[in-house]
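For reference, data_31.json is printed below; it contains JSON, C-alpha atoms.
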```
[["chain", "number", "residue", "atom", "x", "y", "z"],
["D", 1, "MET", "CA", 145.42, 159.94, 92.62],
["D", 2, "GLU", "CA", 148.22, 159.40, 90.11],
["D", 3, "GLN", "CA", 150.76, 160.38, 92.79],
["D", 4, "GLU", "CA", 149.23, 157.83, 95.20],
["D", 5, "ASP", "CA", 149.48, 155.11, 92.53],
["D", 6, "GLY", "CA", 153.15, 155.96, 92.02],
["D", 7, "ASP", "CA", 153.77, 155.82, 95.77],
["D", 8, "LEU", "CA", 152.06, 152.42, 95.99],
["D", 9, "ASP", "CA", 154.01, 151.15, 93.00],
["D", 10, "GLY", "CA", 157.31, 152.13, 94.62],
["D", 11, "LEU", "CA", 156.24, 150.75, 97.99],
["D", 12, "VAL", "CA", 155.34, 147.36, 96.50],
["D", 13, "ARG", "CA", 158.67, 147.18, 94.66],
["D", 14, "LYS", "CA", 160.56, 147.98, 97.88],
["D", 15, "ARG", "CA", 158.57, 145.33, 99.77],
["D", 16, "ILE", "CA", 159.35, 142.67, 97.17],
["D", 17, "ARG", "CA", 163.07, 143.40, 97.39],
["D", 18, "ALA", "CA", 163.05, 143.73, 101.20],
["D", 19, "LEU", "CA", 161.21, 140.41, 101.64],
["D", 20, "ARG", "CA", 163.56, 138.70, 99.20],
["D", 21, "VAL", "CA", 166.64, 140.00, 101.02],
["D", 22, "ALA", "CA", 165.19, 139.27, 104.49],
["D", 23, "GLN", "CA", 164.57, 135.66, 103.45],
["D", 24, "GLY", "CA", 168.11, 135.38, 102.12],
["D", 25, "LEU", "CA", 166.96, 134.75, 98.54],
["D", 26, "SER", "CA", 168.97, 135.77, 95.51],
["D", 27, "LEU", "CA", 167.25, 137.24, 92.47],
["D", 28, "GLU", "CA", 167.70, 133.88, 90.77],
["D", 29, "GLU", "CA", 166.16, 131.91, 93.66],
["D", 30, "LEU", "CA", 163.07, 134.11, 93.93],
["D", 31, "ALA", "CA", 162.68, 134.21, 90.15],
["D", 32, "THR", "CA", 162.73, 130.41, 90.09],
["D", 33, "ARG", "CA", 160.15, 130.20, 92.90],
["D", 34, "ALA", "CA", 157.90, 132.72, 91.13],
["D", 35, "ARG", "CA", 158.45, 131.18, 87.69],
["D", 36, "LEU", "CA", 159.81, 134.44, 86.30],
["D", 37, "SER", "CA", 163.07, 135.16, 84.57],
["D", 38, "GLN", "CA", 165.78, 136.70, 86.69],
["D", 39, "SER", "CA", 165.89, 139.77, 84.42],
["D", 40, "THR", "CA", 162.10, 140.25, 84.72],
["D", 41, "LEU", "CA", 162.33, 140.13, 88.51],
["D", 42, "SER", "CA", 165.24, 142.57, 88.48],
["D", 43, "ARG", "CA", 163.28, 145.01, 86.30],
["D", 44, "ILE", "CA", 160.23, 144.67, 88.58],
["D", 45, "GLU", "CA", 162.33, 145.48, 91.66],
["D", 46, "ASN", "CA", 164.09, 148.48, 90.10],
["D", 47, "GLY", "CA", 161.00, 149.99, 88.45],
["D", 48, "GLN", "CA", 161.88, 149.29, 84.83],
["D", 49, "ARG", "CA", 158.94, 146.91, 84.30],
["D", 50, "ARG", "CA", 155.28, 147.51, 84.92],
["D", 51, "LEU", "CA", 153.75, 145.62, 87.85],
["D", 52, "ALA", "CA", 151.22, 143.07, 86.61],
["D", 53, "LEU", "CA", 148.58, 141.60, 88.94],
["D", 54, "ASP", "CA", 149.33, 137.99, 87.98],
["D", 55, "GLN", "CA", 153.02, 138.52, 88.72],
["D", 56, "LEU", "CA", 152.24, 140.14, 92.08],
["D", 57, "VAL", "CA", 150.10, 137.15, 93.09],
["D", 58, "THR", "CA", 152.89, 134.76, 92.10],
["D", 59, "LEU", "CA", 155.53, 136.84, 93.88],
["D", 60, "ALA", "CA", 153.42, 137.08, 97.04],
["D", 61, "ARG", "CA", 153.12, 133.28, 97.15],
["D", 62, "ALA", "CA", 156.82, 132.83, 96.44],
["D", 63, "LEU", "CA", 157.62, 135.22, 99.31],
["D", 64, "ASP", "CA", 155.21, 133.41, 101.67],
["D", 65, "THR", "CA", 152.94, 136.42, 102.09],
["D", 66, "SER", "CA", 149.56, 137.49, 100.77],
["D", 67, "LEU", "CA", 148.75, 139.92, 97.99],
["D", 68, "ASP", "CA", 146.90, 142.05, 100.56],
["D", 69, "GLN", "CA", 150.02, 142.37, 102.69],
["D", 70, "LEU", "CA", 152.17, 143.12, 99.67],
["D", 71, "VAL", "CA", 150.00, 146.07, 98.58],
["D", 72, "GLU", "CA", 148.66, 147.22, 101.98],
["D", 73, "THR", "CA", 148.88, 150.99, 102.47],
["D", 74, "ALA", "CA", 147.04, 151.53, 105.75],
["D", 75, "THR", "CA", 149.27, 153.23, 108.31],
["D", 76, "ASP", "CA", 146.56, 154.61, 110.58],
["D", 77, "ASP", "CA", 146.94, 151.81, 113.14],
["D", 78, "VAL", "CA", 150.57, 152.36, 114.10],
["D", 79, "ILE", "CA", 149.62, 153.13, 117.70],
["D", 80, "THR", "CA", 147.67, 150.42, 119.56],
["D", 81, "ASN", "CA", 145.71, 151.16, 122.71],
["D", 82, "PRO", "CA", 145.15, 148.39, 125.23],
["D", 83, "ALA", "CA", 141.83, 146.64, 125.65],
["D", 84, "ILE", "CA", 141.13, 146.46, 129.39],
["D", 85, "ASP", "CA", 139.19, 143.56, 130.91],
["D", 86, "GLY", "CA", 138.97, 144.54, 134.57],
["D", 87, "ALA", "CA", 136.71, 141.60, 135.43],
["D", 88, "HIS", "CA", 139.51, 139.17, 134.54],
["D", 89, "GLY", "CA", 142.52, 141.34, 135.48],
["D", 90, "LEU", "CA", 143.74, 141.55, 131.88],
["D", 91, "MET", "CA", 145.09, 144.29, 129.69],
["D", 92, "ARG", "CA", 145.81, 143.34, 126.05],
["D", 93, "TRP", "CA", 147.70, 145.03, 123.24],
["D", 94, "PRO", "CA", 146.93, 143.26, 119.94],
["D", 95, "ILE", "CA", 149.85, 143.27, 117.52],
["D", 96, "LYS", "CA", 149.51, 142.51, 113.79],
["D", 97, "THR", "CA", 151.47, 139.61, 112.33],
["D", 98, "GLY", "CA", 151.54, 137.52, 109.21],
["D", 99, "PRO", "CA", 148.75, 135.25, 108.10],
["D", 100, "GLY", "CA", 147.78, 132.62, 110.63],
["D", 101, "MET", "CA", 149.63, 134.11, 113.61],
["D", 102, "THR", "CA", 148.49, 136.46, 116.36],
["D", 103, "VAL", "CA", 150.73, 138.21, 118.86],
["D", 104, "VAL", "CA", 149.17, 139.64, 122.01],
["D", 105, "ARG", "CA", 150.81, 141.51, 124.85],
["D", 106, "GLN", "CA", 148.91, 141.00, 128.11],
["D", 107, "ARG", "CA", 149.15, 142.37, 131.62],
["D", 108, "MET", "CA", 147.67, 139.99, 134.17],
["D", 109, "THR", "CA", 146.87, 140.72, 137.80],
["D", 110, "ASP", "CA", 144.86, 137.64, 138.84],
["D", 111, "PRO", "CA", 146.15, 134.12, 139.47],
["D", 112, "PRO", "CA", 145.03, 131.35, 137.13],
["D", 113, "PRO", "CA", 141.58, 129.91, 137.94],
["D", 114, "ASP", "CA", 141.39, 127.37, 140.78],
["D", 115, "ASN", "CA", 138.55, 125.58, 139.00],
["D", 116, "PRO", "CA", 139.87, 123.07, 136.40],
["D", 117, "ALA", "CA", 136.60, 123.55, 134.48],
["D", 118, "ARG", "CA", 137.79, 127.09, 133.63],
["D", 119, "MET", "CA", 140.85, 125.76, 131.82],
["D", 120, "ARG", "CA", 140.61, 125.66, 128.02],
["D", 121, "ALA", "CA", 141.61, 122.99, 125.54],
["D", 122, "HIS", "CA", 141.33, 123.52, 121.78],
["D", 123, "PRO", "CA", 143.32, 122.84, 118.61],
["D", 124, "GLY", "CA", 146.46, 124.89, 118.08],
["D", 125, "HIS", "CA", 149.80, 125.86, 119.52],
["D", 126, "GLU", "CA", 150.76, 128.73, 121.86],
["D", 127, "TRP", "CA", 154.03, 130.32, 122.91],
["D", 128, "PHE", "CA", 154.62, 133.14, 125.41],
["D", 129, "VAL", "CA", 157.50, 134.97, 127.05],
["D", 130, "VAL", "CA", 157.22, 136.74, 130.40],
["D", 131, "LEU", "CA", 158.21, 140.38, 130.04],
["D", 132, "SER", "CA", 157.91, 141.24, 133.74],
["D", 133, "GLY", "CA", 156.84, 139.53, 136.93],
["D", 134, "THR", "CA", 156.13, 135.83, 137.21],
["D", 135, "ALA", "CA", 153.39, 133.91, 135.41],
["D", 136, "ILE", "CA", 151.79, 130.67, 136.52],
["D", 137, "LEU", "CA", 151.00, 128.25, 133.69],
["D", 138, "LEU", "CA", 148.53, 125.49, 134.45],
["D", 139, "LEU", "CA", 148.97, 122.81, 131.82],
["D", 140, "GLY", "CA", 146.88, 119.69, 132.31],
["D", 141, "ASN", "CA", 147.53, 118.64, 135.92],
["D", 142, "ARG", "CA", 150.94, 120.37, 136.04],
["D", 143, "ARG", "CA", 151.79, 123.83, 137.39],
["D", 144, "PHE", "CA", 154.76, 125.86, 136.08],
["D", 145, "ARG", "CA", 156.30, 129.11, 137.33],
["D", 146, "VAL", "CA", 157.51, 131.11, 134.33],
["D", 147, "GLU", "CA", 159.85, 133.91, 135.43],
["D", 148, "THR", "CA", 160.78, 137.16, 133.65],
["D", 149, "ASN", "CA", 162.59, 136.45, 130.35],
["D", 150, "GLN", "CA", 161.57, 132.78, 130.38],
["D", 151, "ALA", "CA", 159.29, 131.37, 127.68],
["D", 152, "ALA", "CA", 156.79, 128.53, 127.50],
["D", 153, "GLU", "CA", 155.53, 126.69, 124.44],
["D", 154, "PHE", "CA", 152.73, 124.12, 124.40],
["D", 155, "PRO", "CA", 150.02, 122.51, 122.30],
["D", 156, "THR", "CA", 146.67, 124.03, 123.22],
["D", 157, "MET", "CA", 144.91, 120.65, 123.15],
["D", 158, "LEU", "CA", 146.18, 120.31, 126.73],
["D", 159, "PRO", "CA", 143.83, 122.08, 129.17],
["D", 160, "HIS", "CA", 145.59, 125.31, 130.09],
["D", 161, "ALA", "CA", 145.32, 128.62, 131.92],
["D", 162, "ILE", "CA", 147.79, 131.41, 132.66],
["D", 163, "GLY", "CA", 147.75, 133.94, 135.47],
["D", 164, "ALA", "CA", 149.94, 136.12, 137.67],
["D", 165, "ALA", "CA", 151.93, 134.80, 140.63],
["D", 166, "GLY", "CA", 151.18, 137.14, 143.50],
["D", 167, "ARG", "CA", 151.79, 140.43, 141.71],
["D", 168, "PRO", "CA", 151.05, 141.66, 138.16],
["D", 169, "CYS", "CA", 152.95, 140.13, 135.29],
["D", 170, "GLU", "CA", 153.17, 140.98, 131.62],
["D", 171, "ILE", "CA", 153.52, 138.43, 128.84],
["D", 172, "LEU", "CA", 153.88, 138.47, 125.08],
["D", 173, "GLY", "CA", 151.95, 135.55, 123.59],
["D", 174, "ILE", "CA", 152.00, 134.13, 120.08],
["D", 175, "PHE", "CA", 149.10, 131.99, 118.90],
["D", 176, "ASP", "CA", 148.75, 130.03, 115.69],
["D", 177, "ARG", "CA", 145.44, 130.44, 113.83],
["D", 178, "ASP", "CA", 143.71, 127.57, 115.66],
["D", 179, "ALA", "CA", 144.85, 128.67, 119.12],
["D", 180, "HIS", "CA", 143.68, 132.24, 118.45],
["D", 181, "ARG", "CA", 140.24, 130.95, 117.37],
["D", 182, "GLY", "CA", 140.07, 128.76, 120.48],
["D", 183, "HIS", "CA", 140.69, 131.74, 122.73],
["D", 184, "GLN", "CA", 138.04, 133.79, 120.92],
["D", 185, "SER", "CA", 135.33, 131.13, 121.30],
["D", 186, "GLY", "CA", 133.62, 129.91, 124.42],
["D", 187, "ASP", "CA", 131.24, 131.39, 127.00],
["D", 188, "ASP", "CA", 133.90, 133.38, 128.81],
["D", 189, "PRO", "CA", 134.58, 136.75, 127.11],
["D", 190, "ALA", "CA", 138.28, 136.48, 127.98],
["D", 191, "PRO", "CA", 140.72, 133.67, 127.38],
["D", 192, "ALA", "CA", 141.28, 131.46, 130.39],
["D", 193, "ARG", "CA", 144.57, 132.98, 131.38]]
```

Could I get this structure in the form of structure tokens?
Amino acid sequence: MEQEDGDLDGLVRKRIRALRVAQGLSLEELATRARLSQSTLSRIENGQRRLALDQLVTLARALDTSLDQLVETATDDVITNPAIDGAHGLMRWPIKTGPGMTVVRQRMTDPPPDNPARMRAHPGHEWFVVLSGTAILLLGNRRFRVETNQAAEFPTMLPHAIGAAGRPCEILGIFDRDAHRGHQSGDDPAPAR
């Protein structure tokens, strides 16, 4: 157990430094954001100061992450298997992201629904890029062809549906928290895609 605590301690310190560097923050800038002295932050990063819970909470906020993500140790979900929805011609690979965002890789075989009543509208914002094939995006009363390597971004308050154009297509979609909730709710077990 003591070895695991030491591993977690080192992991958290590495994450703090890596997040700081990735965000282009100097020691001084992060210390100011976290209301710590620059020397305290330096000693936290290099293991010369004990990690205190109150400082971790403050550092997590200053780094725009959560305490859970800062101390997370689970690595058993590195491989993700697809969820297959044959009734709707969908295959999804959920991908973890930061708080409030969801990334989903989907393989679609069916065209978007012909019935406008099957289109969804809900709070939020959605973005997707077509990885292969061609997607059809129905957005309000407009129809868009989105080709491989093209992206679409739209507010989800507009009625929308996405499907394949003639042959299977694969997309990578990013949903904000509200858009993800909107796609999880409703009578239909699958998002109107």

Atom CA of Leu19 of chain D to atom CA of Ile174 of chain D: how many Å, to one decimal?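 Those two atoms sit 21.5 Å apart.
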
How many Å lie between atom CA of Asp54 of chain D and atom CA of Glu72 of chain D, rounded to one decimal?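 So the answer is 16.8 Å.
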
What's the separation between atom CA of Ser26 of chain D and atom CA of Ala60 of chain D, in Å to one decimal place? 15.7 Å

Which of D:Gly10, D:Pro168, D:Gly173, D:Gly86 sits closest to Glu126 of chain D [using all atoms listed in the file]: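 The closest residue to Glu126 of chain D is D:Gly173.
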
Let me make sure I understand: among D:Gly24, D:Pro155, D:Pro111, D:Pro116, which one has the smallest atom-to-atom distance to Leu137 of chain D if we use only C-alpha atoms?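 Of the candidates, the smallest distance to Leu137 of chain D is held by D:Pro111.
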
Of the listed residues D:Leu131, D:Leu158, D:Val12, D:Ala62, that which approaches Gln106 of chain D most closely, counting only C-alpha atoms: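 The answer is D:Leu131, which sits nearest to Gln106 of chain D.
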
For Arg43 of chain D, work out the shell of residues within 12 Å, counting all atoms listed in the file and skipping chain neighbours fewer than 5 positions away, then give it as a PyMOL selection string. chain D and resi 13+16-17+27+31+36-38+48-51

Could you check the closest approach to Met119 of chain D for each of D:Thr102, D:Thr156, D:Ser66, D:Thr58 and tell me which residue wins, using all atoms listed in the file?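 Answer, going by the shortest atom-to-atom distance: D:Thr156.
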
With a distance cut-off of 7 Å and only C-alpha atoms, select the neighbouring residues of Glu170 of chain D, excluding the residue or stretch itself and same-chain residues fewer than 4 positions from it, and output the selection as a list in words.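 Near Glu170 of chain D, the qualifying residues are Gln106, Arg107, Met108, Val130, Leu131, Ser132 and Gly133 of chain D.
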
In terms of the shortest atom-to-atom distance over all atoms listed in the file, which of D:Leu56, D:Ile171, D:Leu138, D:Ala121 is closest to Val103 of chain D?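 Checking each of D:Leu56, D:Ile171, D:Leu138, D:Ala121 against Val103 of chain D, counting all atoms listed in the file, the winner is D:Ile171.
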